[in-house]
file input33.cif (mmCIF, C-alpha atoms)
data_data
#
loop_
_atom_site.label_atom_id
_atom_site.label_comp_id
_atom_site.auth_asym_id
_atom_site.auth_seq_id
_atom_site.Cartn_x
_atom_site.Cartn_y
_atom_site.Cartn_z
CA MET A 136 180.31 76.38 243.51
CA ARG A 137 178.54 73.07 244.12
CA SER A 138 175.44 73.45 246.28
CA PHE A 139 173.77 70.71 248.30
CA PHE A 140 170.75 72.92 248.97
CA LYS A 141 167.40 71.34 248.09
CA THR A 142 163.82 72.47 248.64
CA ASN A 143 160.35 71.72 247.32
CA ARG A 144 158.98 75.06 248.49
CA THR A 145 156.91 77.03 245.98
CA LEU A 146 157.38 80.78 245.91
CA SER A 147 154.30 82.97 245.51
CA SER A 148 154.29 85.65 242.80
CA ARG A 149 154.34 88.30 245.54
CA ARG A 150 157.39 86.70 247.16
CA LYS A 151 159.15 86.40 243.82
CA ALA A 152 158.52 90.09 243.14
CA LEU A 153 159.92 91.01 246.56
CA LEU A 154 163.07 88.96 245.94
CA THR A 155 163.44 90.37 242.42
CA ASP A 156 163.34 93.91 243.80
CA PHE A 157 165.97 92.99 246.37
CA GLN A 158 168.26 91.55 243.69
CA LYS A 159 167.95 94.79 241.72
CA ARG A 160 168.95 96.78 244.80
CA ILE A 161 172.14 94.78 245.30
CA GLY A 162 172.92 94.37 241.60
CA VAL A 163 172.99 90.56 241.67
CA LYS A 164 170.80 87.89 240.04
CA PHE A 165 170.56 84.50 241.75
CA LYS A 166 170.37 81.34 239.68
CA ASP A 167 168.45 79.63 242.50
CA LEU A 168 165.89 82.02 243.96
CA HIS A 169 165.07 79.53 246.74
CA LEU A 170 168.58 79.98 248.14
CA LEU A 171 168.07 83.71 248.43
CA ASP A 172 164.61 83.18 249.90
CA THR A 173 165.97 80.89 252.61
CA ALA A 174 168.53 83.53 253.60
CA PHE A 175 165.61 85.57 254.96
CA TYR A 176 164.04 82.73 256.99
CA HIS A 177 164.60 83.49 260.65
CA ARG A 178 164.46 80.54 263.03
CA SER A 179 161.27 81.88 264.64
CA PHE A 180 159.47 81.77 261.28
CA ALA A 181 160.68 78.26 260.43
CA ASN A 182 159.58 77.01 263.86
CA GLU A 183 156.08 78.45 263.50
CA THR A 184 155.42 77.63 259.85
CA ALA A 185 154.28 74.14 258.86
CA GLY A 186 156.36 72.58 256.10
CA THR A 187 159.26 74.98 256.62
CA ALA A 188 162.13 72.99 258.09
CA GLU A 189 165.05 75.15 257.00
CA ASN A 190 166.11 78.50 258.41
CA ASN A 191 168.98 80.83 257.54
CA GLU A 192 171.43 79.83 260.29
CA ARG A 193 173.59 77.50 258.19
CA LEU A 194 173.78 80.12 255.44
CA GLU A 195 174.72 82.69 258.09
CA PHE A 196 177.56 80.42 259.27
CA LEU A 197 178.89 80.16 255.72
CA GLY A 198 178.41 83.86 254.99
CA ASP A 199 180.31 84.83 258.13
CA ALA A 200 183.35 82.92 256.85
CA VAL A 201 183.13 84.43 253.35
CA LEU A 202 182.71 87.91 254.83
CA GLY A 203 185.68 87.48 257.15
CA MET A 204 187.97 86.25 254.38
CA THR A 205 186.89 89.04 252.02
CA ALA A 206 187.39 91.77 254.61
CA ALA A 207 190.76 90.41 255.77
CA SER A 208 192.09 90.06 252.21
CA TYR A 209 190.98 93.55 251.22
CA LEU A 210 192.52 95.18 254.29
CA TYR A 211 195.78 93.23 253.85
CA GLU A 212 196.08 94.27 250.20
CA THR A 213 195.02 97.89 250.77
CA LEU A 214 196.66 98.98 254.05
CA HIS A 215 200.32 98.17 253.45
CA ASP A 216 201.50 100.27 256.40
CA ALA A 217 199.04 98.94 258.99
CA PRO A 218 200.31 96.49 261.64
CA GLU A 219 198.39 93.31 262.46
CA GLY A 220 196.74 94.88 265.51
CA GLU A 221 195.28 97.75 263.51
CA LEU A 222 194.10 95.45 260.71
CA THR A 223 192.31 93.33 263.31
CA LYS A 224 190.69 96.39 264.88
CA ILE A 225 189.42 97.73 261.55
CA LYS A 226 188.15 94.30 260.45
CA SER A 227 186.35 93.83 263.77
CA PHE A 228 184.47 97.08 263.24
CA VAL A 229 183.49 96.61 259.60
CA VAL A 230 182.13 93.08 260.18
CA SER A 231 180.48 94.02 263.48
CA GLU A 232 176.78 93.78 264.23
CA THR A 233 176.47 97.57 264.09
CA SER A 234 178.18 97.85 260.71
CA LEU A 235 176.28 94.94 259.15
CA SER A 236 172.91 96.15 260.44
CA GLU A 237 173.58 99.55 258.81
CA ILE A 238 174.37 97.77 255.55
CA ALA A 239 171.21 95.66 255.93
CA LEU A 240 168.98 98.72 256.27
CA GLY A 241 170.73 100.35 253.33
CA ILE A 242 169.76 97.49 251.00
CA GLY A 243 166.31 96.86 252.48
CA ILE A 244 166.88 93.46 254.04
CA GLU A 245 164.15 94.13 256.59
CA GLN A 246 161.57 94.20 253.77
CA CYS A 247 162.27 90.55 252.89
CA LEU A 248 162.62 89.09 256.38
CA CYS A 249 160.37 86.21 257.36
CA LEU A 250 159.80 86.26 261.13
CA GLY A 251 157.62 84.37 263.56
CA LYS A 252 154.67 86.25 265.08
CA GLY A 253 156.36 86.70 268.45
CA GLU A 254 159.57 88.01 266.91
CA GLU A 255 157.60 90.30 264.61
CA HIS A 256 155.63 91.78 267.50
CA SER A 257 158.78 92.36 269.55
CA GLY A 258 160.34 94.50 266.81
CA GLY A 259 162.54 91.81 265.27
CA ARG A 260 162.51 93.51 261.89
CA SER A 261 164.64 96.33 263.29
CA LYS A 262 166.86 94.33 265.68
CA LYS A 263 170.54 94.77 264.87
CA ALA A 264 171.40 91.12 265.54
CA ILE A 265 168.74 89.79 263.18
CA LEU A 266 169.63 92.29 260.45
CA ALA A 267 173.35 91.50 260.73
CA ASP A 268 172.80 87.72 260.78
CA THR A 269 170.52 87.90 257.75
CA THR A 270 173.09 89.95 255.84
CA GLU A 271 175.63 87.20 256.45
CA ALA A 272 173.07 84.61 255.33
CA VAL A 273 172.61 86.49 252.04
CA PHE A 274 176.39 86.42 251.54
CA GLY A 275 176.40 82.69 252.24
CA ALA A 276 173.54 82.09 249.82
CA LEU A 277 175.29 84.03 247.07
CA TYR A 278 178.51 82.09 247.65
CA LEU A 279 176.64 78.79 247.19
CA ASP A 280 174.72 80.12 244.21
CA SER A 281 177.46 81.86 242.22
CA GLY A 282 180.83 81.23 243.87
CA PHE A 283 183.35 83.19 245.90
CA LYS A 284 184.20 85.89 243.33
CA THR A 285 180.59 86.99 242.93
CA ALA A 286 180.04 86.99 246.69
CA GLU A 287 183.30 88.88 247.21
CA LYS A 288 182.28 91.53 244.66
CA LEU A 289 178.96 92.17 246.43
CA ILE A 290 180.54 92.19 249.88
CA LEU A 291 183.20 94.71 248.87
CA SER A 292 180.63 96.98 247.23
CA LEU A 293 178.85 97.15 250.60
CA LEU A 294 181.87 97.00 252.89
CA VAL A 295 184.30 99.46 251.28
CA PRO A 296 182.21 102.54 252.28
CA GLN A 297 182.31 101.27 255.89
CA ILE A 298 186.08 100.76 255.65
CA ARG A 299 186.55 104.27 254.25
CA LYS A 300 184.55 105.63 257.16
CA VAL A 301 186.99 103.98 259.57
CA LEU A 302 190.04 105.16 257.62
CA GLU A 303 188.78 108.76 257.59
CA ASN A 304 188.89 108.67 261.39
CA ARG A 305 192.17 106.77 261.46
CA HIS A 306 194.37 109.81 261.99
CA GLN A 307 191.95 111.85 264.07
CA LYS A 308 193.08 112.59 267.60
CA ASP A 309 191.59 110.54 270.42
CA TYR A 310 190.95 113.41 272.81
CA LYS A 311 189.71 111.14 275.61
CA THR A 312 193.07 109.37 275.70
CA LEU A 313 195.01 112.64 275.35
CA LEU A 314 193.03 114.22 278.20
CA GLN A 315 193.43 111.22 280.48
CA GLU A 316 197.19 111.11 279.92
CA LEU A 317 197.59 114.86 280.52
CA TYR A 318 195.29 115.02 283.55
CA GLN A 319 196.81 111.95 285.22
CA LYS A 320 200.28 113.33 284.64
CA LYS A 321 199.41 116.64 286.31
CA TYR A 322 196.95 115.60 289.02
CA LYS A 323 197.14 111.78 289.34
CA GLN A 324 193.37 111.56 288.80
CA CYS A 325 191.03 110.37 286.04
CA PRO A 326 188.46 112.50 284.20
CA HIS A 327 184.79 111.74 284.89
CA TYR A 328 182.18 111.90 282.12
CA GLU A 329 178.52 112.59 282.80
CA LEU A 330 175.50 112.53 280.49
CA ILE A 331 173.72 115.84 281.11
CA LYS A 332 170.75 115.41 278.78
CA LYS A 333 169.42 113.86 275.58
CA THR A 334 167.43 115.83 273.01
CA GLY A 335 165.60 114.95 269.81
CA PRO A 336 163.44 111.97 268.78
CA ASP A 337 164.52 108.39 269.50
CA HIS A 338 165.74 107.81 265.94
CA ASP A 339 167.78 111.02 265.83
CA GLN A 340 168.98 111.76 269.37
CA VAL A 341 171.60 114.30 270.38
CA PHE A 342 173.66 113.56 273.50
CA TRP A 343 175.03 116.32 275.76
CA ILE A 344 177.98 115.26 277.91
CA SER A 345 180.29 117.10 280.30
CA VAL A 346 183.68 115.98 281.56
CA PHE A 347 184.61 116.79 285.14
CA LEU A 348 188.21 117.32 286.19
CA GLY A 349 187.87 117.38 289.93
CA GLN A 350 185.13 119.95 290.60
CA THR A 351 185.58 121.75 287.27
CA GLU A 352 183.07 121.03 284.52
CA TYR A 353 183.90 121.29 280.82
CA GLY A 354 180.80 121.26 278.65
CA PRO A 355 178.22 120.11 278.09
CA MET A 356 179.22 119.29 274.53
CA GLN A 357 176.95 117.61 272.01
CA GLY A 358 177.25 114.65 269.64
CA LYS A 359 175.12 112.23 267.64
CA SER A 360 176.40 109.45 269.91
CA LYS A 361 177.71 109.30 273.47
CA LYS A 362 181.18 108.56 272.11
CA GLU A 363 181.11 111.63 269.87
CA ALA A 364 179.89 113.87 272.70
CA GLU A 365 182.55 112.51 275.07
CA GLN A 366 185.24 113.23 272.49
CA ALA A 367 183.94 116.79 272.09
CA ALA A 368 183.94 117.37 275.86
CA ALA A 369 187.40 115.81 276.19
CA ARG A 370 188.72 118.06 273.42
CA CYS A 371 187.34 121.14 275.18
CA ALA A 372 189.04 120.17 278.46
CA TRP A 373 192.29 119.03 276.80
CA GLU A 374 192.67 122.26 274.83
CA TYR A 375 192.18 124.29 278.03
CA LEU A 376 194.61 122.17 280.07
CA SER A 377 197.27 121.99 277.37
CA GLY A 378 196.94 125.75 276.89
CA GLU A 379 197.51 126.21 280.64
CA GLU A 380 200.89 124.54 280.27
CA HIS A 381 202.00 127.23 277.85
CA ARG A 382 200.62 130.25 279.70
#
call {"tool": "encode", "arguments": {"input": "input33.cif", "output": "structure tokens"}}
result
Amino acid sequence: MRSFFKTNRTLSSRRKALLTDFQKRIGVKFKDLHLLDTAFYHRSFANETAGTAENNERLEFLGDAVLGMTAASYLYETLHDAPEGELTKIKSFVVSETSLSEIALGIGIEQCLCLGKGEEHSGGRSKKAILADTTEAVFGALYLDSGFKTAEKLILSLLVPQIRKVLENRHQKDYKTLLQELYQKKYKQCPHYELIKKTGPDHDQVFWISVFLGQTEYGPMQGKSKKEAEQAAARCAWEYLSGEEHR
């Protein structure tokens, strides 16, 4: 892949060591270490640092395209029975900000980020958007450095576990939808979900949610996310209501 990237920036020994450790974590060695370095340059850092004109936004733009193509091709080749709508839904999740920020934390992208002082103080190192954008920038940098096949190999090594996670849930029942359909059919009303409480530390919260069918409460049921807790409450109510139909 021909690269038009040029820089006169000198990397410190500490920075080189940081980038070397990162390459070991992802199992890739860059020919041009400056390309990888630039992938971690947030706009706020470039704006505040004299002599640093470039940031990672152009690499992010390129990486987004490489990521999208890789994900789409893999899903098309792997899920022969999935219609276009389902392929789109799965792709949207695995390339989402949430998914990419999880990947970023898994490979330690936050350790290499270069942020401006304001962004650093506001918690930029843990912001999902910054982590996701930087992940795409790394993909873009690798594409320029070593070509599509190398970038594709790295992306799939990180993305396939996320895809498997989606596919594991593919055939699980959506109890919220089942409950709504059953309850509307019987009573012409919609279920109402209410967060009862949250427990645990901020980084490991448990949500307790009840679903109300009229004045009747089912729950509270717990989950590691609101969505999970809502599904648990919906399942509780659906199993009771569907059992009523057979009593």
call {"tool": "closest_residue", "arguments": {"input": "input33.cif", "among": "A:Leu289, A:Leu235, A:Val201, A:Leu348", "to": "A:Cys325", "atoms": "only C-alpha atoms"}}
result
A:Leu348
call {"tool": "atom_distance", "arguments": {"input": "input33.cif", "atom1": "atom CA of A:Ser292", "atom2": "atom CA of A:Ser227"}}
result
17.8 Å
call {"tool": "resolve_selection", "arguments": {"input": "input33.cif", "expression": "the PyMOL selection byres ((chain A and resi 200) around 12)", "output": "PyMOL selection string"}}
result
chain A and resi 193-199+201-207+230+271-272+274-275+278+283+286-287+290
call {"tool": "resolve_selection", "arguments": {"input": "input33.cif", "expression": "the PyMOL selection byres ((chain A and resi 224) around 12)", "output": "list in words"}}
result
Ala206, Ala207, Leu210, Ala217, Pro218, Glu219, Gly220, Glu221, Leu222, Thr223, Ile225, Lys226, Ser227, Phe228, Val229, Val230, Ser231, Ile298, Val301, Leu302 and Arg305 of chain A
call {"tool": "atom_distance", "arguments": {"input": "input33.cif", "atom1": "atom CA of A:Glu255", "atom2": "atom CA of A:Lys159"}}
result
25.5 Å
call {"tool": "closest_residue", "arguments": {"input": "input33.cif", "among": "A:Phe180, A:Tyr310, A:Phe347, A:Tyr209", "to": "A:Gly259", "atoms": "all atoms listed in the file"}}
result
A:Phe180
call {"tool": "atom_distance", "arguments": {"input": "input33.cif", "atom1": "atom CA of A:Leu294", "atom2": "atom CA of A:Leu250"}}
result
25.9 Å
call {"tool": "resolve_selection", "arguments": {"input": "input33.cif", "expression": "the PyMOL selection byres ((chain A and resi 150) around 12)", "output": "NGL selection string"}}
result
:A and (144-149 or 151-157 or 168-169 or 171-173 or 175 or 246-249)
call {"tool": "axis_aligned_box", "arguments": {"input": "input33.cif", "around": "stretch 323-342 of chain A", "padding_each_side": "3 Å", "output": "lines of an AutoDock Vina configuration file"}}
result
center_x = 180.3
center_y = 111.8
center_z = 277.6
size_x = 39.7
size_y = 14.0
size_z = 29.5
call {"tool": "closest_residue", "arguments": {"input": "input33.cif", "among": "A:Lys284, A:Lys333, A:His338, A:Arg160", "to": "A:Ser261", "atoms": "only C-alpha atoms"}}
result
A:His338
call {"tool": "closest_residue", "arguments": {"input": "input33.cif", "among": "A:Ala239, A:Val346, A:Val163, A:Leu214", "to": "A:Leu314", "atoms": "all atoms listed in the file"}}
result
A:Val346
call {"tool": "closest_residue", "arguments": {"input": "input33.cif", "among": "A:Tyr176, A:Ser234, A:Leu240, A:Gln366", "to": "A:Asp309", "atoms": "all atoms listed in the file"}}
result
A:Gln366
call {"tool": "closest_residue", "arguments": {"input": "input33.cif", "among": "A:Arg299, A:Lys361, A:His177, A:Lys166", "to": "A:Gly253", "atoms": "only C-alpha atoms"}}
result
A:His177
call {"tool": "residues_around", "arguments": {"input": "input33.cif", "residues": "stretch 354-356 of chain A", "least_positions_apart": "6", "cutoff": "12 Å", "atoms": "only C-alpha atoms", "output": "list in words"}}
result
Tyr328, Glu329, Leu330, Ile331, Lys332, Lys333, Val341, Phe342, Trp343, Ile344, Ser345, Val346, Phe347, Leu348, Lys362, Glu363, Ala364, Glu365, Gln366, Ala367, Ala368, Ala369, Arg370, Cys371, Ala372, Trp373 and Tyr375 of chain A
